[in-house]
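Structure data (mmCIF, C-alpha atoms) from structure27.cif:
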```
data_coords
#
loop_
_atom_site.label_atom_id
_atom_site.label_comp_id
_atom_site.auth_asym_id
_atom_site.auth_seq_id
_atom_site.Cartn_x
_atom_site.Cartn_y
_atom_site.Cartn_z
CA MET A 1 -15.29 20.98 -10.25
CA ALA A 2 -16.60 23.70 -7.93
CA ALA A 3 -18.89 22.83 -5.06
CA THR A 4 -22.52 22.87 -6.21
CA SER A 5 -25.65 23.37 -4.13
CA LEU A 6 -28.22 20.67 -4.80
CA THR A 7 -31.56 19.86 -3.26
CA THR A 8 -31.53 16.11 -3.90
CA PRO A 9 -28.91 13.49 -4.66
CA ASN A 10 -31.01 12.29 -7.60
CA THR A 11 -30.66 15.40 -9.75
CA PRO A 12 -29.45 14.91 -13.34
CA LEU A 13 -26.21 16.74 -12.57
CA LEU A 14 -25.19 14.35 -9.82
CA GLN A 15 -26.30 11.32 -11.80
CA LYS A 16 -24.15 12.40 -14.72
CA THR A 17 -21.15 12.90 -12.48
CA HIS A 18 -21.48 9.40 -11.07
CA GLN A 19 -21.96 7.82 -14.47
CA SER A 20 -19.08 9.64 -16.10
CA HIS A 21 -16.47 9.33 -13.40
CA ALA A 22 -17.38 6.42 -11.16
CA PHE A 23 -14.27 4.55 -12.25
CA LEU A 24 -12.11 7.47 -11.14
CA LYS A 25 -13.30 7.23 -7.53
CA PRO A 26 -13.92 10.97 -7.16
CA LYS A 27 -13.50 12.48 -3.74
CA THR A 28 -16.90 13.55 -2.49
CA ASN A 29 -18.09 15.44 0.54
CA LEU A 30 -21.81 14.83 1.02
CA HIS A 31 -23.89 16.43 3.80
CA TYR A 32 -27.25 14.77 4.24
CA GLY A 33 -29.94 15.81 6.68
CA ALA A 34 -33.17 14.15 7.73
CA SER A 35 -35.11 17.21 6.60
CA ARG A 36 -33.52 17.07 3.10
CA LYS A 37 -31.76 20.41 3.53
CA PRO A 38 -29.49 21.47 0.67
CA PHE A 39 -26.11 19.75 0.66
CA SER A 40 -22.90 20.38 -1.19
CA VAL A 41 -20.86 18.11 -3.41
CA SER A 42 -17.21 18.74 -4.10
CA CYS A 43 -15.64 16.47 -6.69
CA SER A 44 -12.06 16.26 -7.84
CA SER A 45 -11.06 14.13 -10.80
CA THR A 46 -7.59 12.87 -11.68
CA ILE A 47 -8.35 12.67 -15.38
CA GLN A 48 -7.87 16.36 -16.24
CA ASP A 49 -4.82 17.08 -14.10
CA ARG A 50 -3.04 13.76 -13.68
CA PRO A 51 -0.24 14.02 -11.11
CA SER A 52 3.25 14.05 -12.49
CA LEU A 53 5.45 10.99 -12.13
CA GLN A 54 7.44 12.79 -9.46
CA SER A 55 4.38 13.49 -7.31
CA GLN A 56 3.15 9.95 -7.85
CA SER A 57 6.48 8.62 -6.57
CA GLN A 58 6.12 10.59 -3.36
CA ASP A 59 3.01 8.57 -2.56
CA ARG A 60 4.54 5.19 -3.39
CA VAL A 61 6.81 2.93 -1.38
CA PHE A 62 9.95 1.19 -2.55
CA ASN A 63 8.66 -2.37 -2.83
CA PHE A 64 11.44 -4.96 -2.49
CA ALA A 65 9.06 -7.94 -2.72
CA ALA A 66 10.21 -11.09 -4.51
CA GLY A 67 6.94 -11.35 -6.41
CA PRO A 68 4.41 -10.10 -7.18
CA ALA A 69 6.86 -7.27 -7.47
CA THR A 70 7.16 -3.61 -8.30
CA LEU A 71 6.21 -2.54 -11.80
CA PRO A 72 7.52 0.45 -13.79
CA GLU A 73 5.59 3.56 -12.78
CA ASN A 74 5.26 4.80 -16.35
CA VAL A 75 3.72 1.43 -17.29
CA LEU A 76 1.23 1.67 -14.43
CA LEU A 77 0.31 5.22 -15.40
CA LYS A 78 -0.20 4.24 -19.03
CA ALA A 79 -2.41 1.33 -17.96
CA GLN A 80 -4.34 3.77 -15.79
CA THR A 81 -5.11 6.06 -18.71
CA GLU A 82 -6.20 3.12 -20.88
CA LEU A 83 -8.11 1.18 -18.23
CA TYR A 84 -11.57 2.61 -18.87
CA ASN A 85 -11.45 2.90 -22.65
CA TRP A 86 -8.59 1.13 -24.40
CA ARG A 87 -7.43 3.31 -27.30
CA GLY A 88 -10.89 4.34 -28.41
CA SER A 89 -12.32 0.83 -28.42
CA GLY A 90 -15.07 1.85 -26.02
CA MET A 91 -14.16 -0.83 -23.49
CA SER A 92 -11.50 -1.93 -21.06
CA VAL A 93 -9.02 -4.69 -21.89
CA MET A 94 -10.68 -6.62 -19.07
CA GLU A 95 -13.95 -6.57 -21.01
CA MET A 96 -12.64 -7.62 -24.41
CA SER A 97 -13.25 -10.91 -26.13
CA HIS A 98 -9.95 -12.75 -26.23
CA ARG A 99 -10.78 -13.69 -29.83
CA GLY A 100 -11.67 -10.17 -30.92
CA LYS A 101 -9.46 -8.04 -33.15
CA ASP A 102 -8.59 -5.61 -30.33
CA PHE A 103 -7.11 -8.21 -28.03
CA ARG A 104 -5.49 -10.04 -30.93
CA SER A 105 -3.60 -6.85 -31.69
CA ILE A 106 -2.47 -6.66 -28.05
CA ILE A 107 -1.16 -10.22 -27.82
CA GLU A 108 0.45 -10.09 -31.25
CA LYS A 109 2.35 -6.92 -30.38
CA ALA A 110 3.38 -8.36 -27.00
CA GLU A 111 4.83 -11.40 -28.75
CA ALA A 112 6.55 -9.30 -31.40
CA ASP A 113 8.16 -7.05 -28.79
CA LEU A 114 9.32 -10.03 -26.72
CA ARG A 115 10.82 -11.62 -29.83
CA ALA A 116 12.65 -8.35 -30.51
CA LEU A 117 13.95 -8.12 -26.94
CA LEU A 118 15.33 -11.67 -26.84
CA ASN A 119 15.99 -12.12 -30.57
CA ILE A 120 13.71 -15.16 -30.65
CA SER A 121 13.73 -16.90 -34.01
CA GLU A 122 10.74 -18.40 -35.78
CA ASP A 123 12.02 -21.83 -34.75
CA TYR A 124 10.42 -21.12 -31.37
CA ALA A 125 6.82 -20.69 -30.30
CA VAL A 126 6.00 -18.03 -27.71
CA LEU A 127 3.10 -18.96 -25.45
CA PHE A 128 1.26 -16.83 -22.89
CA LEU A 129 -0.31 -19.26 -20.43
CA GLN A 130 -2.24 -19.43 -17.18
CA GLY A 131 -1.11 -21.14 -14.00
CA GLY A 132 2.19 -19.46 -13.21
CA ALA A 133 5.61 -21.03 -13.53
CA THR A 134 4.83 -23.73 -10.96
CA THR A 135 2.40 -25.32 -13.41
CA GLN A 136 5.35 -25.81 -15.76
CA PHE A 137 6.94 -28.17 -13.24
CA ALA A 138 4.39 -30.67 -14.57
CA SER A 139 3.95 -29.28 -18.09
CA VAL A 140 7.61 -29.64 -19.03
CA PRO A 141 7.93 -33.40 -18.44
CA LEU A 142 4.43 -34.06 -19.76
CA ASN A 143 5.26 -32.36 -23.06
CA LEU A 144 8.93 -33.23 -23.54
CA CYS A 145 9.21 -36.86 -22.49
CA GLN A 146 7.42 -40.14 -21.85
CA PRO A 147 6.95 -41.94 -18.49
CA ASP A 148 10.03 -44.16 -18.88
CA ASP A 149 12.35 -41.40 -20.09
CA THR A 150 15.30 -40.15 -18.04
CA VAL A 151 15.72 -36.43 -17.44
CA ASP A 152 18.36 -34.52 -15.47
CA TYR A 153 17.86 -31.82 -12.84
CA LEU A 154 20.58 -29.52 -11.54
CA VAL A 155 19.27 -28.24 -8.21
CA THR A 156 20.64 -24.93 -6.93
CA GLY A 157 17.72 -23.96 -4.68
CA SER A 158 14.16 -24.53 -3.57
CA TRP A 159 12.50 -23.99 -6.94
CA GLY A 160 14.76 -26.41 -8.75
CA ASP A 161 14.04 -28.94 -6.01
CA LYS A 162 10.28 -28.45 -6.33
CA ALA A 163 10.51 -28.90 -10.10
CA PHE A 164 12.41 -32.18 -9.64
CA LYS A 165 9.89 -33.54 -7.16
CA GLU A 166 6.98 -32.74 -9.46
CA ALA A 167 8.71 -34.40 -12.41
CA LYS A 168 8.88 -37.68 -10.47
CA LYS A 169 5.15 -38.09 -11.14
CA TYR A 170 5.61 -38.14 -14.92
CA CYS A 171 9.05 -39.54 -15.80
CA LYS A 172 12.34 -40.68 -14.28
CA PRO A 173 14.24 -37.58 -13.17
CA LYS A 174 17.76 -37.72 -11.81
CA VAL A 175 19.42 -35.07 -9.66
CA VAL A 176 22.89 -34.55 -11.14
CA TRP A 177 23.87 -32.06 -8.44
CA ASN A 178 22.18 -30.64 -5.36
CA GLY A 179 23.50 -27.72 -3.34
CA LYS A 180 21.26 -28.31 -0.34
CA SER A 181 24.04 -29.66 1.89
CA GLU A 182 25.84 -26.33 1.46
CA ASN A 183 22.63 -24.35 1.94
CA TYR A 184 22.47 -23.42 -1.74
CA VAL A 185 25.24 -20.84 -1.96
CA ARG A 186 26.85 -21.74 -5.28
CA VAL A 187 26.54 -23.18 -8.77
CA PRO A 188 28.77 -26.22 -9.43
CA SER A 189 31.48 -26.50 -12.04
CA PHE A 190 29.86 -27.92 -15.15
CA ASP A 191 32.87 -30.13 -15.90
CA GLY A 192 32.25 -32.37 -12.90
CA LEU A 193 28.58 -33.03 -13.46
CA GLU A 194 27.57 -36.66 -13.97
CA LEU A 195 25.00 -36.07 -16.68
CA SER A 196 22.87 -38.86 -18.11
CA PRO A 197 23.88 -39.74 -21.69
CA ASN A 198 20.26 -40.46 -22.64
CA ALA A 199 18.43 -37.69 -20.75
CA LYS A 200 15.71 -35.96 -22.76
CA TYR A 201 16.53 -32.68 -21.11
CA LEU A 202 18.61 -30.97 -18.43
CA HIS A 203 16.59 -28.65 -16.19
CA ILE A 204 17.97 -25.64 -14.29
CA CYS A 205 16.50 -22.72 -12.38
CA ALA A 206 18.43 -19.80 -13.85
CA ASN A 207 17.95 -17.61 -10.77
CA GLU A 208 16.91 -18.95 -7.39
CA THR A 209 14.72 -16.28 -5.85
CA ILE A 210 14.99 -17.49 -2.26
CA TYR A 211 18.73 -18.09 -2.02
CA GLY A 212 19.95 -15.48 -4.50
CA VAL A 213 22.00 -17.80 -6.71
CA GLU A 214 22.14 -17.00 -10.43
CA PHE A 215 23.68 -18.85 -13.36
CA LYS A 216 26.11 -16.61 -15.23
CA ASP A 217 26.66 -19.26 -17.89
CA TYR A 218 24.72 -22.36 -18.82
CA PRO A 219 25.59 -26.08 -18.91
CA LEU A 220 25.16 -28.39 -21.88
CA PRO A 221 23.00 -31.53 -21.64
CA GLY A 222 24.86 -34.83 -21.41
CA ASN A 223 22.81 -36.18 -24.30
CA PRO A 224 23.80 -34.56 -27.63
CA ASN A 225 20.14 -34.83 -28.65
CA GLY A 226 18.84 -33.56 -25.34
CA VAL A 227 17.84 -29.95 -24.64
CA LEU A 228 18.42 -27.42 -21.89
CA VAL A 229 15.29 -26.29 -20.04
CA ALA A 230 15.34 -23.24 -17.76
CA ASP A 231 12.99 -21.72 -15.24
CA MET A 232 13.83 -18.02 -15.70
CA SER A 233 10.99 -16.61 -13.63
CA SER A 234 13.03 -14.23 -11.50
CA ASN A 235 15.59 -12.99 -14.02
CA PHE A 236 13.53 -13.05 -17.20
CA CYS A 237 14.28 -10.04 -19.41
CA SER A 238 16.83 -8.71 -16.92
CA LYS A 239 19.70 -9.28 -19.36
CA PRO A 240 20.32 -10.62 -22.86
CA VAL A 241 19.97 -14.40 -23.24
CA ASP A 242 20.89 -16.58 -26.21
CA VAL A 243 17.59 -18.38 -26.61
CA SER A 244 19.09 -20.78 -29.15
CA LYS A 245 20.97 -22.51 -26.31
CA PHE A 246 17.67 -23.70 -24.86
CA GLY A 247 14.96 -26.09 -25.93
CA LEU A 248 12.52 -24.41 -23.58
CA ILE A 249 12.42 -21.37 -21.31
CA TYR A 250 9.56 -20.63 -18.96
CA ALA A 251 8.95 -17.70 -16.64
CA GLY A 252 6.26 -16.43 -14.34
CA ALA A 253 5.58 -12.81 -15.27
CA GLN A 254 5.19 -11.42 -11.75
CA LYS A 255 8.88 -10.76 -11.09
CA ASN A 256 10.08 -8.63 -13.97
CA VAL A 257 7.53 -8.33 -16.75
CA GLY A 258 3.98 -8.15 -15.44
CA PRO A 259 1.41 -9.11 -12.82
CA SER A 260 0.85 -12.56 -11.37
CA GLY A 261 -1.26 -15.04 -13.32
CA VAL A 262 0.72 -15.13 -16.56
CA CYS A 263 3.41 -17.64 -17.49
CA ILE A 264 5.48 -17.20 -20.62
CA VAL A 265 6.85 -20.28 -22.39
CA ILE A 266 9.40 -20.09 -25.21
CA VAL A 267 9.67 -23.56 -26.72
CA ARG A 268 11.39 -24.91 -29.81
CA LYS A 269 8.68 -25.90 -32.27
CA ASP A 270 10.12 -29.32 -33.05
CA LEU A 271 9.62 -30.27 -29.38
CA ILE A 272 5.88 -29.62 -29.54
CA GLY A 273 3.35 -32.34 -30.30
CA ASN A 274 4.62 -35.37 -28.41
CA ALA A 275 2.85 -34.88 -25.09
CA GLN A 276 2.06 -37.85 -22.87
CA GLU A 277 -1.45 -39.28 -23.22
CA ILE A 278 -2.34 -38.22 -19.69
CA THR A 279 -1.51 -34.55 -20.39
CA PRO A 280 -4.47 -32.29 -19.53
CA VAL A 281 -5.65 -30.13 -22.39
CA MET A 282 -4.66 -26.96 -20.55
CA LEU A 283 -1.05 -28.17 -20.24
CA ASP A 284 -0.57 -29.29 -23.85
CA TYR A 285 1.80 -26.89 -25.62
CA LYS A 286 0.55 -27.92 -29.06
CA ILE A 287 -3.00 -26.88 -28.34
CA HIS A 288 -1.86 -23.47 -27.14
CA ALA A 289 0.56 -23.03 -30.04
CA ASP A 290 -2.13 -24.00 -32.58
CA ASN A 291 -4.49 -21.45 -31.03
CA ASN A 292 -1.92 -18.63 -30.71
CA SER A 293 -2.21 -18.68 -26.90
CA LEU A 294 -5.93 -17.90 -27.17
CA TYR A 295 -7.25 -21.29 -26.06
CA ASN A 296 -9.81 -21.26 -23.22
CA THR A 297 -9.62 -17.55 -22.31
CA PRO A 298 -6.05 -16.52 -21.53
CA PRO A 299 -5.19 -14.01 -18.74
CA CYS A 300 -5.92 -11.05 -21.01
CA PHE A 301 -5.18 -8.12 -18.73
CA GLY A 302 -1.95 -9.73 -17.54
CA ILE A 303 -0.81 -10.22 -21.14
CA TYR A 304 -1.67 -6.60 -21.87
CA MET A 305 0.49 -5.50 -18.91
CA CYS A 306 3.34 -7.72 -20.10
CA GLY A 307 3.09 -6.05 -23.48
CA LEU A 308 3.41 -2.60 -21.91
CA VAL A 309 6.51 -3.75 -20.01
CA PHE A 310 8.12 -5.22 -23.15
CA GLU A 311 7.46 -1.94 -24.96
CA ASP A 312 9.04 -0.04 -22.07
CA LEU A 313 12.15 -2.27 -22.09
CA LEU A 314 12.62 -1.65 -25.81
CA GLU A 315 12.30 2.09 -25.23
CA GLN A 316 15.06 1.84 -22.62
CA GLY A 317 17.39 0.56 -25.33
CA GLY A 318 16.92 -3.16 -24.99
CA LEU A 319 18.23 -5.72 -22.55
CA LYS A 320 21.91 -4.75 -22.76
CA GLU A 321 21.04 -1.36 -21.31
CA VAL A 322 18.72 -2.97 -18.76
CA GLU A 323 21.53 -5.30 -17.67
CA LYS A 324 23.89 -2.35 -17.13
CA LYS A 325 21.35 -0.70 -14.84
CA ASN A 326 20.81 -3.94 -12.93
CA GLU A 327 24.55 -4.49 -12.49
CA LYS A 328 24.94 -0.97 -11.09
CA LYS A 329 22.09 -1.41 -8.60
CA ALA A 330 23.30 -4.82 -7.43
CA GLY A 331 26.90 -3.62 -7.17
CA ILE A 332 25.93 -0.77 -4.86
CA LEU A 333 23.98 -3.08 -2.56
CA TYR A 334 26.53 -5.91 -2.45
CA ASN A 335 29.33 -3.43 -1.79
CA ALA A 336 27.44 -2.03 1.16
CA ILE A 337 27.04 -5.53 2.58
CA ASP A 338 30.65 -6.55 2.00
CA GLU A 339 32.03 -3.30 3.43
CA SER A 340 29.95 -3.48 6.63
CA LYS A 341 32.67 -5.43 8.48
CA GLY A 342 30.35 -8.34 9.14
CA PHE A 343 27.36 -6.38 10.39
CA TYR A 344 25.58 -7.52 7.20
CA ARG A 345 26.46 -10.76 5.44
CA CYS A 346 25.54 -12.33 2.13
CA PRO A 347 26.32 -16.07 2.10
CA VAL A 348 26.28 -16.55 -1.69
CA GLU A 349 29.56 -17.03 -3.57
CA LYS A 350 30.41 -13.73 -5.23
CA SER A 351 30.75 -15.24 -8.71
CA VAL A 352 27.09 -16.33 -8.78
CA ARG A 353 25.37 -13.65 -6.76
CA SER A 354 22.00 -12.74 -8.22
CA LEU A 355 21.43 -9.34 -9.80
CA MET A 356 17.76 -9.68 -8.89
CA ASN A 357 17.48 -11.11 -5.37
CA VAL A 358 19.95 -10.11 -2.67
CA PRO A 359 19.68 -12.14 0.55
CA PHE A 360 21.55 -10.96 3.63
CA THR A 361 21.59 -11.46 7.37
CA LEU A 362 22.42 -9.25 10.32
CA GLU A 363 25.27 -10.12 12.65
CA LYS A 364 22.80 -9.65 15.50
CA SER A 365 19.72 -11.58 14.43
CA GLU A 366 17.71 -10.03 17.26
CA LEU A 367 17.85 -6.74 15.35
CA GLU A 368 16.05 -8.11 12.28
CA ALA A 369 12.57 -7.16 13.44
CA VAL A 370 13.79 -3.67 14.33
CA PHE A 371 15.44 -3.35 10.90
CA LEU A 372 12.23 -4.27 9.11
CA LYS A 373 10.08 -1.96 11.23
CA GLU A 374 12.34 1.04 10.79
CA ALA A 375 12.73 0.38 7.06
CA GLU A 376 8.95 0.34 6.66
CA LYS A 377 8.73 3.70 8.37
CA GLU A 378 11.03 4.96 5.62
CA LYS A 379 8.68 3.55 2.97
CA MET A 380 10.82 0.51 2.15
CA VAL A 381 8.74 -2.65 2.38
CA GLN A 382 8.88 -6.42 1.83
CA LEU A 383 12.51 -6.80 2.93
CA LYS A 384 11.90 -9.86 5.06
CA GLY A 385 13.62 -13.00 3.81
CA HIS A 386 11.67 -16.04 2.67
CA ARG A 387 10.04 -17.90 5.55
CA SER A 388 12.18 -20.99 4.85
CA VAL A 389 15.50 -19.20 5.37
CA GLY A 390 14.80 -16.03 7.35
CA GLY A 391 17.06 -13.00 7.33
CA MET A 392 16.54 -10.23 4.81
CA ARG A 393 16.07 -10.17 1.06
CA ALA A 394 16.01 -7.20 -1.25
CA SER A 395 14.54 -8.02 -4.64
CA ILE A 396 15.77 -5.37 -7.05
CA TYR A 397 14.10 -6.29 -10.32
CA ASN A 398 14.16 -4.16 -13.46
CA ALA A 399 11.48 -1.79 -12.18
CA MET A 400 13.27 -1.01 -8.91
CA PRO A 401 14.79 2.42 -9.53
CA LEU A 402 18.36 3.24 -8.60
CA ALA A 403 16.98 5.69 -6.05
CA GLY A 404 15.34 2.79 -4.19
CA VAL A 405 18.61 0.90 -3.84
CA GLU A 406 20.50 4.04 -2.85
CA LYS A 407 17.91 4.79 -0.17
CA LEU A 408 18.16 1.24 1.17
CA VAL A 409 21.96 1.41 1.32
CA SER A 410 21.83 4.75 3.11
CA PHE A 411 19.35 3.32 5.59
CA MET A 412 21.54 0.24 6.14
CA LYS A 413 24.57 2.40 6.92
CA ASP A 414 22.60 4.56 9.35
CA PHE A 415 21.14 1.48 11.00
CA GLN A 416 24.60 -0.02 11.42
CA ALA A 417 25.96 3.20 12.93
CA LYS A 418 23.11 3.18 15.42
CA HIS A 419 23.27 -0.49 16.42
CA ALA A 420 26.84 -1.68 15.84
#
```

Show this structure as structure tokens.
Amino acid sequence: MAATSLTTPNTPLLQKTHQSHAFLKPKTNLHYGASRKPFSVSCSSTIQDRPSLQSQSQDRVFNFAAGPATLPENVLLKAQTELYNWRGSGMSVMEMSHRGKDFRSIIEKAEADLRALLNISEDYAVLFLQGGATTQFASVPLNLCQPDDTVDYLVTGSWGDKAFKEAKKYCKPKVVWNGKSENYVRVPSFDGLELSPNAKYLHICANETIYGVEFKDYPLPGNPNGVLVADMSSNFCSKPVDVSKFGLIYAGAQKNVGPSGVCIVIVRKDLIGNAQEITPVMLDYKIHADNNSLYNTPPCFGIYMCGLVFEDLLEQGGLKEVEKKNEKKAGILYNAIDESKGFYRCPVEKSVRSLMNVPFTLEKSELEAVFLKEAEKEKMVQLKGHRSVGGMRASIYNAMPLAGVEKLVSFMKDFQAKHA
């Protein structure tokens, strides 16, 4: 829009501009004077000439945060175009009734695409819930067992430990293995586990975000009638998973498939409906399943974003193709660490190293702050390790492009050459 000479900011032209494009945050240059002299307005809108993905990328950092984490740029750009008026509905997703036909179409497609990605059968309910994955630390025992029931927990990191401690309030959990004494660097052999023969379920955290330990295979419960339960928050939809091996899978969306505030639960239908009497309504799987995840206003915009991500993953060729990309990215980064002659070190056993979260330390710990500061100057952020363990951590979820990992590795090699 060319600069226009106006005599007052209340003219119809300026009012129309504000009403039409306020949500676009137009750049304005206003010159006011006490004597109400003419002033000029220059307005540029991003709606007509949206920057290309390449130019967008130049303005963005490589975000290695563990969560909330980076999202696919094409998903963000699509959400941007639909934010003000979703597909001709005349309103934003954030304004829709969660029981209206527009949002129903969004959540139904999100579920259908997730079922296609993971080949989820109709024996399972798919729930989109509030509260994040941490809420499931209580929801799982409240829905799957009674106060006197035994359940098993295999603890390979901080999140598995937190889940066990929460379960103590609602049942009788038993830790069948805990890697804390070894600083959580491995997954045990399943053959040596002392599993409870009457446990209602065996709980694992499929990928420990803090320590970078990932299950490559899954154990069987000691009870033939028991089920396997997995917290898959940080590797959800990063690779194919045989859902039929599990009674229940839960995952916070903010690592791989959406923004924070959404938790996805995939639960076998025959396990629903036996919740403990003390179970709050908001934690009862049956109520959510009976209401198609629409009970008590779900996190609508978060579910919409998850749906866009699922659609994007399908367009990439499905989770087998996604896994190949993730293996390539992780391989490049782990190789750089292993070939640094000890300047960088990853403590996790190679056989269970996470494809999503790569923790590493520097031989000279006093250089960590310098490493982080210089990396940030190069537009690589959130590389600091979790506060409980220190060091570094690069979270390279699905949406982290190969270019981001390659830039990090190049930086690491230059940093080593400078400080070794």

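Using all atoms listed in the file for every distance, the candidate list A:Met91, A:His98, A:Val126, A:Tyr153 yields A:Val126 as the residue closest to Asp290 (chain A).
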
Counting all atoms listed in the file, find residues at most 9 Å from (8.9, 2.6, 2.4) (file frame) and give them as a PDB file with C-alpha atoms, in the frame of the given file.
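Output file point-v9.pdb follows:
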```pdb
ATOM      1  CA  ARG A  60       4.540   5.190  -3.390  1.00  0.00           C
ATOM      2  CA  VAL A  61       6.810   2.930  -1.380  1.00  0.00           C
ATOM      3  CA  PHE A  62       9.950   1.190  -2.550  1.00  0.00           C
ATOM      4  CA  ASN A  63       8.660  -2.370  -2.830  1.00  0.00           C
ATOM      5  CA  ALA A 375      12.730   0.380   7.060  1.00  0.00           C
ATOM      6  CA  GLU A 376       8.950   0.340   6.660  1.00  0.00           C
ATOM      7  CA  LYS A 377       8.730   3.700   8.370  1.00  0.00           C
ATOM      8  CA  GLU A 378      11.030   4.960   5.620  1.00  0.00           C
ATOM      9  CA  LYS A 379       8.680   3.550   2.970  1.00  0.00           C
ATOM     10  CA  MET A 380      10.820   0.510   2.150  1.00  0.00           C
ATOM     11  CA  VAL A 381       8.740  -2.650   2.380  1.00  0.00           C
TER      12      VAL A 381
END
```

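Against the coordinates shown, the PyMOL selection byres ((chain A and resi 320) around 12) returns Leu117, Leu118, Cys237, Ser238, Lys239, Pro240, Val241, Leu313, Leu314, Gln316, Gly317, Gly318, Leu319, Glu321, Val322, Glu323, Lys324, Lys325, Asn326 and Glu327 of chain A.
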
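Counting from CA of Tyr211 (chain A), the distance to CA of Leu362 (chain A) is 15.6 Å.
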
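Once the PyMOL selection byres ((chain A and resi 183) around 10) is applied to the depicted file, the selected set reads Thr156, Gly157, Asn178, Gly179, Lys180, Ser181, Glu182, Tyr184, Val185, Arg186, Tyr211, Pro347, Val348 and Val389 of chain A.
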
Save out the residues we just selected, C-alpha atoms, as a compact mmCIF listing (two decimals), in the coordinates of the input.
```
# COMPACT_ATOMS: atom_id res chain seq x y z
CA THR A 156 20.64 -24.93 -6.93
CA GLY A 157 17.72 -23.96 -4.68
CA ASN A 178 22.18 -30.64 -5.36
CA GLY A 179 23.50 -27.72 -3.34
CA LYS A 180 21.26 -28.31 -0.34
CA SER A 181 24.04 -29.66 1.89
CA GLU A 182 25.84 -26.33 1.46
CA TYR A 184 22.47 -23.42 -1.74
CA VAL A 185 25.24 -20.84 -1.96
CA ARG A 186 26.85 -21.74 -5.28
CA TYR A 211 18.73 -18.09 -2.02
CA PRO A 347 26.32 -16.07 2.10
CA VAL A 348 26.28 -16.55 -1.69
CA VAL A 389 15.50 -19.20 5.37
```

- Message: Could you list, as number ranges by chain, every residue matched by the PyMOL selection byres ((chain A and resi 135) around 12) in this structure?
- Response: A: 129-134, 136-142, 162-163, 166-167, 231, 250-252, 261-265, 280, 282-284

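Taking CA of Val155 (chain A) and CA of Ile249 (chain A) as the two end points, the separation is 16.3 Å.
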
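Minimum distance to Phe371 (chain A) across A:Gly258, A:Gly391, A:Pro173, A:Pro401 (counting all atoms listed in the file) occurs at A:Gly391.
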
- Item | Neighbour list for His203 (chain A) as a list in words, cut-off 7 Å, all atoms listed in the file, skip fewer than 4 positions in-chain | Asp152, Tyr153, Leu154, Leu228, Val229 and Ala230 of chain A

- Item | Within 6 Å of region 272-279 of chain A using only C-alpha atoms, minus same-chain residues under 5 positions, as a ChimeraX atom specification | /A:142-143,146,286

- Message: Here is a test: counting all atoms listed in the file, which residue of A:Gln80, A:Thr150, A:Asn357, A:Asn85 is nearest to Pro197 (chain A)?
- Response: A:Thr150

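The shortest atom-to-atom distance to Lys109 (chain A), with all atoms listed in the file taken into account, belongs to A:Tyr304 out of A:Val405, A:Glu363, A:Tyr304, A:Leu355.
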
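Here CA of Arg393 (chain A) is placed at a distance of 16.1 Å from CA of Phe415 (chain A).
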
- Query: Smallest atom-to-atom distance to Lys216 (chain A): which of A:Ala253, A:Leu195, A:Ala403, A:Val187, using all atoms listed in the file?
  - Reply: A:Val187

- Item | Within-12 Å shell of (12.8, -15.7, -31.0) in input frame, all atoms listed in the file, as a VMD selection string | chain A and resid 111 to 127 241 to 249 265 to 269

- Smallest atom-to-atom distance to Ser189 (chain A): which of A:Cys145, A:Ile210, A:Ala330, A:Leu220, using only C-alpha atoms? A:Leu220

- Item | Long-range neighbours of Ala420 (chain A) as number ranges by chain, 12 Å cut-off, all atoms listed in the file, 2 positions minimum in chain | A: 340-344, 362-364, 367, 412-418
